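Here the structure comes first, spelled out in C-alpha cells, and everything after it is commentary.
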Amino acid sequence: MTGPTADTTAEPRATVPVVVAIDGPAGSGKSSVSRATARALGYAYLDTGASYRALAWNLLDRQVDPSVPDAVVASLGDFDFAIGTDPDAYFVRVGSTDVTEAIREPRVTGAVSAVARIPEVRSWLTERFRSLMRDTAFDGIVAEGRDITTVVAPDAPVRILLTADEEARMARRSKELTGESAAAVGEALRTRDQADSRVVDFMNAAEGVTTVDSTHLDFDETVAAVVDVVHDTTARTNSTH
C-alpha cells in the first residue's frame with residue numbers, strides 16, 4: 001500500500017521529535033493556528049484533515065461513491081498521495097496532481113465526513129500520520145485533526161483542545177467562505193459538528209489535554225496562547241526528567 005510522504009531532504013533525526021497535538025471543532029481555527037504555531041516554534045506541521053480530504057477528492061475523481069464503505073476501503077491500496085510538512089512549503093498531492101486548493105472545494109467538503117467515519121480508513125491513515133510524526137526531520141511537529149489528541153497521538157507530550165463558541169466559529173468560517181451566506185455557513189458548520197461527533201468527542205478535552213478557548217482572542221493572541229502552552233508543558237516535562 002502507498003501512503004502519505006513528507007517532502008523533506010533533511011538528514012534523519014538523532015533524537016525523538018516533540019509532538020504537539022491540536023484538536024478542535026470546525027471553525028476553531030486549528031489549521032491556521034497550528035501552522036502559525038509550527039512556524040513560530042520552528043517545527044513541522046501536519047494537517048491530518050487534508051489527508052481525508054485528499055482521499056475524498058481521489059474517490060470523486062475516480063467516480064467512486066464515498067458513501068459506500070467497501071468501495072472506499074478497496075481504494076486505499078492504490079491511494080498515492082503526499083503532503084508537505086514544512087509550514088512554509090505546504091502542499092497536498094494525489095499522484096502527480098497538486099490538489100492543495102481542490103480539496104477545499106464544496107464537493108469535497110460534502111464527501112469527507114462520510115469517508116472519515118469509516119474505521120478502516122481512520123486506522124489506515126492513523127498509522128501513516130504516526131510515521132510522519134516519528135520520522136520528521138524537524139525538532140518537533142504540530143499535528144492537528146479531529147482525534148489527534150485521543151487516538152492518533154494520545155501520548156504526545158503536548159496535547160491541546162482549541163475551541164471557541166459557535167457564534168465565533170461561524171463568524172470565522174464566514175470570513176473564509178466569502179461566497180456563501182451566513183445562514184449557509186452556520187448550517188454547514190452545525191452539520192459538520194453533528195457528523196464528526198459520531199466519530200470523536202471534539203468539544204471536551206480528554207484527561208491531560210489543555211483547553212485553549214479562542215472565543216475572545218484574535219488570531220495572533222490565539223497563536224501566542226498555544227505557543228505558551230507548548231513552552232510551559234515542555235518546561236514542566238523537562239524539569240521532571
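Order determines the names: the first chain of the C-alpha cells is A, the second B, and so forth; residues in each chain are numbered 1 upward, and ligands are numbered 1 upward as they are shown.
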Query raised in the report: Any idea what's packed within 10 Å of stretch 91-93 of chain A, counting only C-alpha atoms, ignoring anything in its chain fewer than 5 positions away? Could you give it as a PyMOL selection string?
Result: chain A and resi 4-7+47+50-51+53-54+80-86+98-103
Query raised in the report: Residues at most 12 Å from A:Tyr52, counting only C-alpha atoms, excluding those fewer than 6 positions away in the same chain, as a PyMOL selection string?
Result: chain A and resi 3-4+58-59+66+72+76+79+81+83+92+94+103-104+108-118+121-126+128-129+145-146
**Report entry** Spatial neighbours of A:Arg134, 9 Å, only C-alpha atoms, chain gap at least 5 places, as a list in words
**Finding:**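 So the residues in contact are Val16, Pro17, Val19 and Phe129 of chain A.
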Writer output for current selection, C-alpha atoms, as a CSV table (one decimal), in the first residue's frame:
```csv
chain,number,residue,atom,x,y,z
A,16,VAL,CA,12.8,12.0,19.3
A,17,PRO,CA,10.8,15.0,17.9
A,19,VAL,CA,4.8,16.2,19.1
A,129,PHE,CA,0.3,10.0,10.5
```
Query raised in the report: Could you state the separation of atom CA of A:Val227 and atom CA of A:Asp155 in Å, given to one decimal place?
Result: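 Straight-line distance from atom CA of A:Val227 to atom CA of A:Asp155 works out to 18.8 Å.
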From stretch 27-121 of chain A, collect each residue whose DSSP state is strand (DSSP E or B) and return the set as a compact mmCIF listing (two decimals) with all heavy atoms, in the first residue's frame.
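File part-v4.txt, as written:
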```
# COMPACT_ATOMS: atom_id res chain seq x y z
N ALA A 44 7.73 21.18 12.30
CA ALA A 44 6.97 20.75 11.13
C ALA A 44 5.48 20.92 11.42
O ALA A 44 5.08 21.15 12.57
CB ALA A 44 7.28 19.29 10.81
N TYR A 45 4.67 20.80 10.38
CA TYR A 45 3.22 20.97 10.51
C TYR A 45 2.52 19.86 9.75
O TYR A 45 2.80 19.61 8.58
CB TYR A 45 2.81 22.33 9.94
CG TYR A 45 1.34 22.48 9.64
CD1 TYR A 45 0.38 22.42 10.65
CD2 TYR A 45 0.90 22.69 8.33
CE1 TYR A 45 -0.96 22.56 10.38
CE2 TYR A 45 -0.45 22.83 8.04
CZ TYR A 45 -1.37 22.76 9.06
OH TYR A 45 -2.71 22.89 8.78
N LEU A 46 1.61 19.16 10.42
CA LEU A 46 0.86 18.08 9.79
C LEU A 46 -0.64 18.34 9.88
O LEU A 46 -1.20 18.37 10.98
CB LEU A 46 1.19 16.73 10.45
CG LEU A 46 0.39 15.52 9.94
CD1 LEU A 46 0.61 15.31 8.45
CD2 LEU A 46 0.78 14.27 10.72
N ASP A 47 -1.27 18.55 8.75
CA ASP A 47 -2.71 18.75 8.65
C ASP A 47 -3.34 17.41 8.32
O ASP A 47 -3.41 17.01 7.16
CB ASP A 47 -3.00 19.78 7.56
CG ASP A 47 -4.49 20.00 7.31
OD1 ASP A 47 -5.30 19.37 8.01
OD2 ASP A 47 -4.83 20.78 6.40
N PHE A 81 -0.56 9.48 -2.25
CA PHE A 81 -0.57 10.92 -2.03
C PHE A 81 0.59 11.35 -1.16
O PHE A 81 1.21 10.55 -0.46
CB PHE A 81 -1.91 11.38 -1.44
CG PHE A 81 -2.08 11.15 0.04
CD1 PHE A 81 -2.08 12.21 0.92
CD2 PHE A 81 -2.26 9.87 0.54
CE1 PHE A 81 -2.26 12.00 2.29
CE2 PHE A 81 -2.44 9.66 1.90
CZ PHE A 81 -2.44 10.73 2.77
N ALA A 82 0.90 12.63 -1.24
CA ALA A 82 2.00 13.21 -0.47
C ALA A 82 1.52 14.51 0.13
O ALA A 82 0.69 15.21 -0.45
CB ALA A 82 3.21 13.45 -1.36
N ILE A 83 2.06 14.84 1.32
CA ILE A 83 1.67 16.07 1.99
C ILE A 83 2.91 16.76 2.53
O ILE A 83 3.80 16.11 3.09
CB ILE A 83 0.66 15.76 3.13
CG1 ILE A 83 0.13 17.05 3.77
CG2 ILE A 83 1.26 14.84 4.17
CD1 ILE A 83 -1.09 16.83 4.65
N VAL A 92 -0.46 19.50 -0.98
CA VAL A 92 -1.07 18.17 -0.96
C VAL A 92 -1.12 17.69 -2.40
O VAL A 92 -1.59 18.41 -3.29
CB VAL A 92 -2.50 18.19 -0.37
CG1 VAL A 92 -3.05 16.76 -0.29
CG2 VAL A 92 -2.52 18.84 0.99
N ARG A 93 -0.62 16.49 -2.65
CA ARG A 93 -0.65 15.92 -3.99
C ARG A 93 -1.28 14.53 -3.96
O ARG A 93 -1.06 13.77 -3.02
CB ARG A 93 0.76 15.81 -4.57
CG ARG A 93 1.39 17.10 -5.02
CD ARG A 93 2.57 16.84 -5.96
NE ARG A 93 3.62 16.08 -5.31
CZ ARG A 93 4.68 16.61 -4.72
NH1 ARG A 93 4.83 17.93 -4.68
NH2 ARG A 93 5.60 15.83 -4.17
N VAL A 94 -2.03 14.22 -5.01
CA VAL A 94 -2.52 12.86 -5.23
C VAL A 94 -1.89 12.42 -6.54
O VAL A 94 -2.16 13.00 -7.60
CB VAL A 94 -4.05 12.80 -5.32
CG1 VAL A 94 -4.50 11.39 -5.71
CG2 VAL A 94 -4.68 13.21 -4.00
N THR A 97 -0.79 15.04 -9.25
CA THR A 97 -1.71 16.18 -9.29
C THR A 97 -1.67 16.97 -7.98
O THR A 97 -1.86 16.41 -6.90
CB THR A 97 -3.16 15.72 -9.53
OG1 THR A 97 -3.22 14.95 -10.75
CG2 THR A 97 -4.10 16.91 -9.64
N ASP A 98 -1.42 18.27 -8.08
CA ASP A 98 -1.46 19.13 -6.91
C ASP A 98 -2.93 19.43 -6.59
O ASP A 98 -3.62 20.04 -7.39
CB ASP A 98 -0.70 20.44 -7.18
CG ASP A 98 -0.56 21.30 -5.93
OD1 ASP A 98 -1.57 21.50 -5.23
OD2 ASP A 98 0.55 21.79 -5.65
```
Report summary line: Counting only C-alpha atoms, the residue among A:His231, A:Ala171, A:Glu207, A:Glu120 that lies closest to A:Ala71 is A:Glu120
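With only C-alpha atoms as the atoms that count, the minimum distance from A:Glu166 to the choices A:Val73, A:Trp57, A:Ser214, A:Ser31 is reached by A:Ser214.
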Query - Between atom CA of A:Ala21 and atom CA of A:Pro106, distance in Å (one decimal) - result: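 Calculated distance between atom CA of A:Ala21 and atom CA of A:Pro106 is 26.7 Å.
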